[in-house]
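Source file: model_30.csv. Holds: CSV, C-alpha atoms and all ligand atoms.
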chain,number,residue,atom,x,y,z
A,20,MET,CA,15.3,-28.6,4.6
A,21,ALA,CA,11.7,-29.3,3.8
A,22,PRO,CA,10.1,-26.7,1.5
A,23,THR,CA,6.9,-24.8,2.4
A,24,LYS,CA,4.3,-24.4,-0.3
A,25,THR,CA,3.0,-20.9,0.0
A,26,ARG,CA,1.2,-18.2,-1.9
A,27,ALA,CA,3.2,-15.0,-2.4
A,28,VAL,CA,2.7,-11.5,-3.8
A,29,VAL,CA,5.7,-10.3,-5.9
A,30,LEU,CA,6.7,-6.9,-4.5
A,31,LYS,CA,9.9,-6.4,-6.4
A,32,VAL,CA,11.8,-8.3,-9.2
A,33,LEU,CA,15.6,-8.0,-9.7
A,34,PRO,CA,17.4,-9.9,-12.5
A,35,TYR,CA,20.2,-11.9,-11.0
A,36,ARG,CA,23.1,-13.4,-12.8
A,37,GLU,CA,22.5,-15.1,-16.2
A,38,SER,CA,19.1,-16.5,-15.8
A,39,SER,CA,17.8,-15.9,-12.3
A,40,TYR,CA,15.8,-13.4,-10.3
A,41,ILE,CA,15.9,-12.1,-6.8
A,42,LEU,CA,12.4,-11.6,-5.6
A,43,HIS,CA,11.0,-9.6,-2.8
A,44,LEU,CA,7.9,-11.3,-1.8
A,45,PHE,CA,5.1,-11.0,0.7
A,46,THR,CA,4.3,-14.7,1.5
A,47,GLU,CA,1.3,-16.1,3.3
A,48,SER,CA,3.5,-18.5,5.3
A,49,HIS,CA,6.5,-16.4,6.3
A,50,GLY,CA,5.6,-12.7,5.7
A,51,MET,CA,8.3,-10.7,4.0
A,52,VAL,CA,10.8,-13.0,2.2
A,53,HIS,CA,13.7,-12.3,-0.2
A,54,GLY,CA,14.6,-15.3,-2.4
A,55,VAL,CA,16.5,-16.5,-5.4
A,56,ALA,CA,14.5,-18.1,-8.2
A,57,ARG,CA,17.0,-19.8,-10.5
A,58,GLY,CA,16.8,-20.4,-14.2
A,59,MET,CA,13.6,-18.6,-14.7
A,60,ARG,CA,14.5,-16.1,-17.4
A,61,THR,CA,14.4,-17.2,-21.0
A,62,ALA,CA,17.2,-16.9,-23.5
A,63,ARG,CA,15.6,-13.8,-25.0
A,64,GLY,CA,15.6,-12.2,-21.6
A,65,GLN,CA,11.8,-11.9,-21.5
A,66,ARG,CA,10.5,-11.4,-18.0
A,67,PHE,CA,8.2,-14.1,-16.9
A,68,LEU,CA,7.7,-12.7,-13.5
A,69,GLU,CA,6.5,-9.1,-12.8
A,70,ARG,CA,5.8,-7.0,-9.8
A,71,GLY,CA,2.3,-7.4,-8.6
A,72,PHE,CA,1.8,-11.1,-9.6
A,73,LEU,CA,0.1,-13.4,-7.2
A,74,THR,CA,2.1,-16.7,-7.2
A,75,GLU,CA,2.3,-20.0,-5.5
A,76,LEU,CA,5.7,-21.4,-4.9
A,77,LEU,CA,8.0,-23.6,-2.8
A,78,LEU,CA,10.0,-21.8,-0.2
A,79,TYR,CA,13.2,-23.3,1.1
A,80,VAL,CA,14.0,-21.3,4.2
A,81,LYS,CA,17.6,-21.1,5.1
A,82,ALA,CA,18.1,-20.5,8.8
A,83,HIS,CA,20.0,-17.3,9.6
A,84,ARG,CA,20.2,-16.2,6.0
A,85,ASP,CA,18.6,-13.2,4.3
A,86,LEU,CA,18.2,-14.8,0.9
A,87,HIS,CA,16.2,-18.0,0.7
A,88,THR,CA,15.6,-20.3,-2.3
A,89,LEU,CA,12.4,-20.4,-4.3
A,90,GLY,CA,11.2,-23.1,-6.6
A,91,SER,CA,8.2,-24.3,-8.7
A,92,ILE,CA,6.8,-20.8,-9.1
A,93,GLN,CA,3.3,-20.7,-10.6
A,94,VAL,CA,1.5,-17.5,-11.4
A,95,LEU,CA,-2.0,-17.6,-10.0
A,96,GLN,CA,-3.1,-14.1,-10.9
A,97,PHE,CA,-1.4,-11.5,-13.1
A,98,TRP,CA,-4.1,-8.8,-12.8
A,99,PRO,CA,-4.3,-7.9,-16.5
A,100,ALA,CA,-6.3,-4.7,-16.0
A,101,THR,CA,-3.7,-3.4,-13.5
A,102,ARG,CA,-0.9,-4.1,-15.9
A,103,ALA,CA,-2.6,-2.3,-18.7
A,104,ALA,CA,-3.6,0.9,-16.8
A,105,LEU,CA,-1.1,3.5,-15.6
A,106,VAL,CA,-3.3,4.8,-12.7
A,107,ARG,CA,-4.0,1.3,-11.4
A,108,SER,CA,-0.4,0.2,-11.5
A,109,ALA,CA,0.8,3.5,-10.1
A,110,VAL,CA,-1.5,3.1,-7.0
A,111,ARG,CA,-0.3,-0.5,-6.6
A,112,ASP,CA,3.4,0.7,-6.7
A,113,VAL,CA,2.7,3.4,-4.1
A,114,ALA,CA,1.3,0.7,-1.8
A,115,PHE,CA,4.2,-1.7,-2.5
A,116,GLU,CA,6.8,1.0,-1.9
A,117,LEU,CA,5.3,1.7,1.6
A,118,VAL,CA,5.2,-2.0,2.4
A,119,LEU,CA,8.8,-2.6,1.3
A,120,ALA,CA,9.9,0.4,3.4
A,121,SER,CA,8.0,-0.5,6.5
A,122,ILE,CA,8.1,-4.3,6.9
A,123,ARG,CA,11.5,-5.8,7.7
A,124,VAL,CA,11.0,-8.9,9.8
A,125,THR,CA,10.3,-12.3,8.3
A,126,ASP,CA,7.2,-13.3,10.3
A,127,PRO,CA,4.0,-15.0,9.4
A,128,HIS,CA,1.2,-12.3,8.9
A,129,PRO,CA,-1.7,-14.2,7.3
A,130,GLU,CA,-4.0,-11.3,8.0
A,131,LEU,CA,-1.7,-8.9,6.2
A,132,PHE,CA,-1.4,-11.3,3.3
A,133,ALA,CA,-5.2,-11.4,3.0
A,134,PHE,CA,-5.3,-7.6,3.2
A,135,PHE,CA,-2.8,-7.3,0.3
A,136,GLU,CA,-4.7,-9.8,-1.8
A,137,ASP,CA,-7.9,-7.8,-1.3
A,138,LEU,CA,-6.1,-4.6,-2.1
A,139,LEU,CA,-4.8,-6.1,-5.4
A,140,GLY,CA,-8.3,-7.3,-6.2
A,141,ASP,CA,-9.7,-3.9,-5.6
A,142,ILE,CA,-7.1,-2.1,-7.7
A,143,GLU,CA,-7.9,-4.6,-10.5
A,144,THR,CA,-11.7,-4.5,-10.4
A,145,ARG,CA,-12.9,-1.1,-9.0
A,146,PRO,CA,-13.6,1.7,-11.4
A,147,GLU,CA,-10.4,3.7,-12.1
A,148,ARG,CA,-11.8,6.8,-10.4
A,149,ALA,CA,-12.3,4.9,-7.2
A,150,VAL,CA,-8.9,3.2,-7.3
A,151,TYR,CA,-7.4,6.7,-7.2
A,152,PRO,CA,-7.9,8.1,-4.6
A,153,PHE,CA,-10.3,6.0,-2.6
A,154,VAL,CA,-8.8,2.5,-2.7
A,155,LEU,CA,-5.4,4.2,-2.0
A,156,TRP,CA,-6.8,6.1,1.0
A,157,ARG,CA,-8.3,3.0,2.5
A,158,PHE,CA,-5.0,1.2,2.0
A,159,TYR,CA,-3.1,3.9,3.9
A,160,LEU,CA,-5.7,3.9,6.8
A,161,GLN,CA,-6.1,0.2,7.1
A,162,TYR,CA,-2.4,-0.6,6.7
A,163,ALA,CA,-1.4,2.0,9.3
A,164,ALA,CA,-4.1,0.6,11.7
A,165,MET,CA,-2.9,-3.0,11.2
A,166,MET,CA,0.7,-2.0,11.9
A,167,GLY,CA,-0.3,-0.2,15.1
A,168,PHE,CA,-0.4,3.4,13.9
A,169,GLY,CA,-4.1,3.9,13.3
A,170,LEU,CA,-5.3,7.4,12.5
A,171,ASP,CA,-8.4,8.1,14.4
A,172,LEU,CA,-10.4,10.6,12.4
A,173,GLU,CA,-13.4,10.8,14.7
A,174,ARG,CA,-11.9,12.1,17.9
A,175,CYS,CA,-9.9,15.2,18.7
A,176,VAL,CA,-6.5,14.1,20.0
A,177,GLN,CA,-6.3,17.1,22.3
A,178,CYS,CA,-9.8,17.3,24.0
A,179,GLY,CA,-11.5,14.1,22.9
A,180,THR,CA,-14.4,15.8,21.2
A,181,ASP,CA,-16.2,13.7,18.6
A,182,THR,CA,-15.2,15.2,15.3
A,183,ALA,CA,-17.5,13.1,13.1
A,184,GLY,CA,-19.4,15.3,10.8
A,185,ARG,CA,-17.2,18.3,11.6
A,186,VAL,CA,-14.2,20.0,10.2
A,187,ALA,CA,-11.0,18.5,11.6
A,188,TYR,CA,-7.3,19.1,11.1
A,189,VAL,CA,-4.7,16.3,10.9
A,190,ASN,CA,-1.9,16.5,13.4
A,191,THR,CA,0.7,14.1,12.0
A,192,THR,CA,3.1,14.0,14.9
A,193,ARG,CA,0.2,13.3,17.4
A,194,GLY,CA,-1.2,10.7,15.0
A,195,GLY,CA,-4.7,12.0,15.0
A,196,VAL,CA,-7.0,14.9,14.2
A,197,GLU,CA,-7.8,18.1,16.1
A,198,CYS,CA,-11.2,19.8,16.4
A,199,ASP,CA,-11.7,23.3,15.1
A,200,ARG,CA,-11.2,24.7,18.7
A,201,CYS,CA,-8.0,22.8,19.5
A,202,ALA,CA,-6.2,23.1,16.1
A,203,ARG,CA,-3.7,25.9,16.7
A,204,THR,CA,-2.8,26.6,13.1
A,205,ARG,CA,-5.9,25.5,11.2
A,206,ALA,CA,-3.7,25.1,8.2
A,207,PRO,CA,-5.8,24.7,5.1
A,208,SER,CA,-3.3,21.9,4.0
A,209,ASN,CA,-4.3,19.8,7.0
A,210,ARG,CA,-8.0,20.4,6.9
A,211,ILE,CA,-10.5,17.6,6.5
A,212,GLU,CA,-14.0,18.6,5.4
A,213,PRO,CA,-16.9,16.7,7.0
A,214,ASP,CA,-17.7,15.0,3.7
A,215,THR,CA,-14.2,13.8,3.3
A,216,GLY,CA,-14.1,12.7,6.9
A,217,ARG,CA,-17.1,10.5,6.4
A,218,LEU,CA,-15.6,9.0,3.3
A,219,LEU,CA,-12.3,8.2,5.1
A,220,ALA,CA,-14.1,6.7,8.0
A,221,GLY,CA,-15.9,4.4,5.6
A,222,LYS,CA,-19.3,5.8,6.3
A,223,THR,CA,-20.1,6.8,2.7
A,224,GLY,CA,-19.4,4.7,-0.3
A,225,MET,CA,-16.5,5.5,-2.6
A,226,GLU,CA,-18.3,5.3,-5.8
A,227,GLY,CA,-20.0,8.6,-6.8
A,228,ALA,CA,-17.9,10.6,-4.3
A,229,ARG,CA,-15.3,11.6,-6.8
A,230,GLY,CA,-17.4,14.1,-8.5
A,231,ARG,CA,-17.5,16.2,-5.3
A,232,LEU,CA,-13.8,16.1,-4.8
A,233,SER,CA,-11.4,18.4,-6.7
A,234,GLY,CA,-8.2,16.9,-8.1
A,235,GLU,CA,-6.3,19.3,-5.8
A,236,ASP,CA,-8.1,18.0,-2.7
A,237,ALA,CA,-7.5,14.4,-3.8
A,238,GLN,CA,-3.8,15.0,-4.0
A,239,ARG,CA,-3.8,17.0,-0.7
A,240,ILE,CA,-5.6,14.3,1.3
A,241,THR,CA,-3.4,11.6,-0.3
A,242,GLY,CA,-0.3,13.6,0.9
A,243,LEU,CA,-1.7,13.8,4.4
A,244,LEU,CA,-2.3,10.1,4.6
A,245,ALA,CA,1.0,9.3,3.1
A,246,GLY,CA,2.6,11.7,5.5
A,247,HIS,CA,1.0,10.0,8.4
A,248,CYS,CA,2.4,6.6,7.4
A,249,ARG,CA,5.8,7.9,6.5
A,250,TYR,CA,6.2,9.8,9.8
A,251,HIS,CA,5.0,6.8,11.9
A,252,PHE,CA,7.0,4.2,10.0
A,253,ASP,CA,10.0,6.5,10.1
A,254,ILE,CA,10.5,6.6,6.3
A,255,ARG,CA,12.9,9.4,5.3
A,256,ALA,CA,13.5,8.6,1.6
A,257,GLU,CA,11.5,10.5,-1.0
A,258,SER,CA,8.5,8.6,-2.3
A,259,LYS,CA,9.3,8.1,-6.0
A,260,ALA,CA,6.1,6.1,-6.5
A,261,LEU,CA,4.0,8.9,-5.1
A,262,GLU,CA,5.7,11.4,-7.3
A,263,PHE,CA,5.0,9.2,-10.3
A,264,LEU,CA,1.4,8.8,-9.3
A,265,ALA,CA,1.0,12.6,-8.9
A,266,GLY,CA,2.3,12.9,-12.5
A,267,VAL,CA,-0.1,10.3,-13.8
A,268,VAL,CA,-3.2,11.8,-12.2
A,269,GLY,CA,-2.3,15.5,-12.4
A,270,GLU,CA,-4.3,17.5,-14.8
B,301,ZN,ZN,-10.4,19.4,20.5
Can you present the structure in this file as structure tokens?
Amino acid sequence: MAPTKTRAVVLKVLPYRESSYILHLFTESHGMVHGVARGMRTARGQRFLERGFLTELLLYVKAHRDLHTLGSIQVLQFWPATRAALVRSAVRDVAFELVLASIRVTDPHPELFAFFEDLLGDIETRPERAVYPFVLWRFYLQYAAMMGFGLDLERCVQCGTDTAGRVAYVNTTRGGVECDRCARTRAPSNRIEPDTGRLLAGKTGMEGARGRLSGEDAQRITGLLAGHCRYHFDIRAESKALEFLAGVVGE
């Protein structure tokens, strides 16, 4: 059983027996992997590995097994600003929770790995008021698109009208937006203002936009995007990470 050297993002850390961990990883070489890292905890029980770390390790894949063996783990990046800031780490945890709930198969996904690495870099380095909500919104939209459930914000799902620059309403079950004429309910909770639509479509920069967005609207749009992903990935469990984030950013 020849090991594979791969980079991996630590999504979840569980202490295991006396001195080991079970890690949930997103690896560059094999996609989602669960593995045992033996003998990694010190006598004092201090945790050497944490959620969010970018590592490089040896992966010993066991055929037909769910739990693989991990060795020679090195931390490449521990993202100190994210560890030190509640909002940053809460946004990261919302993303991780969705990834853990939506990816099951062990399959190489190098483009997803690169996407997660960029996401962690953005969470670490962008101004905090951009990390929430804008980096999170981009994550929802890009992740959904990469997984085959893109939310097209620029075309009405009913009549095909171009909705760019106009008010639109998210229709979660149809996986798109409806124009002002087609939207039957015009529920304020589903409404996307033209400014917000441009922002979500990546047509205006994130920085500087926060001043025009109320905290309530930020939470409402976050809920719409989370709802889109949860519906299309068929996730029923409550989102604890999202609840926690709402508490952290709520005024
Ligand atoms: Zn329409």
What is the CA of Cys175 (chain A)-CA of Tyr250 (chain A) distance in Å, reported with one decimal?
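It comes out at 19.2 Å.
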Could I get the residues of chain A with an atom no further than 10 Å from an atom of ligand ZN 301 (chain B), each paired with its nearest atom pair and that distance in Å to one decimal, using all atoms listed in the file, sorted by chain and residue number, as a tab-separated table?
residue	atom	partner	partner_atom	distance
A:Arg174	CA	B:ZN301	ZN	7.9
A:Cys175	CA	B:ZN301	ZN	4.6
A:Val176	CA	B:ZN301	ZN	6.6
A:Gln177	CA	B:ZN301	ZN	5.0
A:Cys178	CA	B:ZN301	ZN	4.1
A:Gly179	CA	B:ZN301	ZN	5.9
A:Thr180	CA	B:ZN301	ZN	5.4
A:Asp181	CA	B:ZN301	ZN	8.4
A:Thr182	CA	B:ZN301	ZN	8.2
A:Ala187	CA	B:ZN301	ZN	9.0
A:Tyr188	CA	B:ZN301	ZN	9.9
A:Val196	CA	B:ZN301	ZN	8.5
A:Glu197	CA	B:ZN301	ZN	5.3
A:Cys198	CA	B:ZN301	ZN	4.2
A:Asp199	CA	B:ZN301	ZN	6.8
A:Arg200	CA	B:ZN301	ZN	5.7
A:Cys201	CA	B:ZN301	ZN	4.3
A:Ala202	CA	B:ZN301	ZN	7.1
Mind giving me the straight-line distance from CA of Thr88 (chain A) to CA of Asp126 (chain A) in Å, one decimal?
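Separation between CA of Thr88 (chain A) and CA of Asp126 (chain A): 16.7 Å.
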Mind checking which residues fall within 12 Å of Thr192 (chain A), counting all atoms listed in the file, ignoring those fewer than 3 positions away in the same chain, and posting them as JSON, numbers by chain?
{"A": [168, 170, 176, 189, 195, 196, 197, 243, 246, 247, 248, 249, 250, 251, 252, 253]}
Fewer than 6 positions away in the same chain doesn't count, so skip those; otherwise give me all residues within 12 Å of Ala27 (chain A), counting only C-alpha atoms, as JSON, numbers by chain.
{"A": [42, 43, 44, 45, 46, 47, 48, 49, 50, 51, 52, 53, 54, 70, 71, 72, 73, 74, 75, 76, 77, 78, 89, 92, 93, 94, 95, 96, 127, 128, 129, 131, 132, 133, 135, 136]}
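Minimum atom-to-atom distances from A:Ala82, A:Leu261, A:Leu160, A:Ile254 to Ala120 (chain A) were compared using only C-alpha atoms, and the lowest value belongs to A:Ile254.
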Could you check which of A:His87, A:Arg205, A:Leu219, A:Lys24 is closest to Tyr40 (chain A), using all atoms listed in the file?
A:His87
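Straight-line separation from CA of Gln161 (chain A) to CA of Leu119 (chain A): 16.2 Å.
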Determine, counting only C-alpha atoms, which protein, DNA and RNA residues have an atom within 9 Å of an atom of Ala100 (chain A); residues of the same chain fewer than 6 positions away are not included. Present the result as a PyMOL selection string.
chain A and resi 107-108+142-144
List as a PDB file with C-alpha atoms, in the coordinates of the input the protein and nucleic acid residues near Glu212 (chain A), meaning an atom at most 10 Å away when all atoms listed in the file are counted, but skip any in the same chain fewer than 4 places from it.
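Everything below was put into selection_25.pdb:
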ATOM      1  CA  GLY A 184     -19.400  15.300  10.800  1.00  0.00           C
ATOM      2  CA  ARG A 185     -17.200  18.300  11.600  1.00  0.00           C
ATOM      3  CA  VAL A 186     -14.200  20.000  10.200  1.00  0.00           C
ATOM      4  CA  ALA A 187     -11.000  18.500  11.600  1.00  0.00           C
ATOM      5  CA  TYR A 188      -7.300  19.100  11.100  1.00  0.00           C
ATOM      6  CA  GLY A 216     -14.100  12.700   6.900  1.00  0.00           C
ATOM      7  CA  ARG A 217     -17.100  10.500   6.400  1.00  0.00           C
ATOM      8  CA  LEU A 218     -15.600   9.000   3.300  1.00  0.00           C
TER       9      LEU A 218
END
Of A:Gly221, A:Pro34, A:Gly269, A:Pro213, the one nearest to Gly234 (chain A) when counting all atoms listed in the file is A:Gly269
Which residue gives the smallest distance to Leu86 (chain A) among A:Leu68, A:Leu105, A:Leu155, A:Ile41, with only C-alpha atoms counted?
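Ranked by minimum distance to Leu86 (chain A), first place goes to A:Ile41.
Environment of (-18.0, 18.9, 0.7): residues at most 10 Å away, judged by all atoms listed in the file, are Ile211, Glu212, Pro213, Asp214, Thr215, Gly216, Ala228, Arg231, Leu232 and Ser233 of chain A.
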Among listed residues A:Lys31, A:Arg26, A:Arg148, A:Arg57, nearest Ala104 (chain A) (using only C-alpha atoms)
A:Arg148
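Compared by their closest atoms to Ser39 (chain A), and using only C-alpha atoms, the residues A:Leu264, A:Met59, A:Met165, A:Ala21 rank with A:Met59 nearest.
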Test item: residues at most 9 Å from Phe158 (chain A), only C-alpha atoms, excluding those fewer than 5 positions along its chain, as a compact mmCIF listing (two decimals) with C-alpha atoms, keeping the file's coordinate frame:
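Everything below was put into part-v3.txt:
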# COMPACT_ATOMS: atom_id res chain seq x y z
CA ALA A 114 1.30 0.70 -1.80
CA PHE A 134 -5.30 -7.60 3.20
CA PHE A 135 -2.80 -7.30 0.30
CA LEU A 138 -6.10 -4.60 -2.10
CA PHE A 153 -10.30 6.00 -2.60
CA ALA A 163 -1.40 2.00 9.30
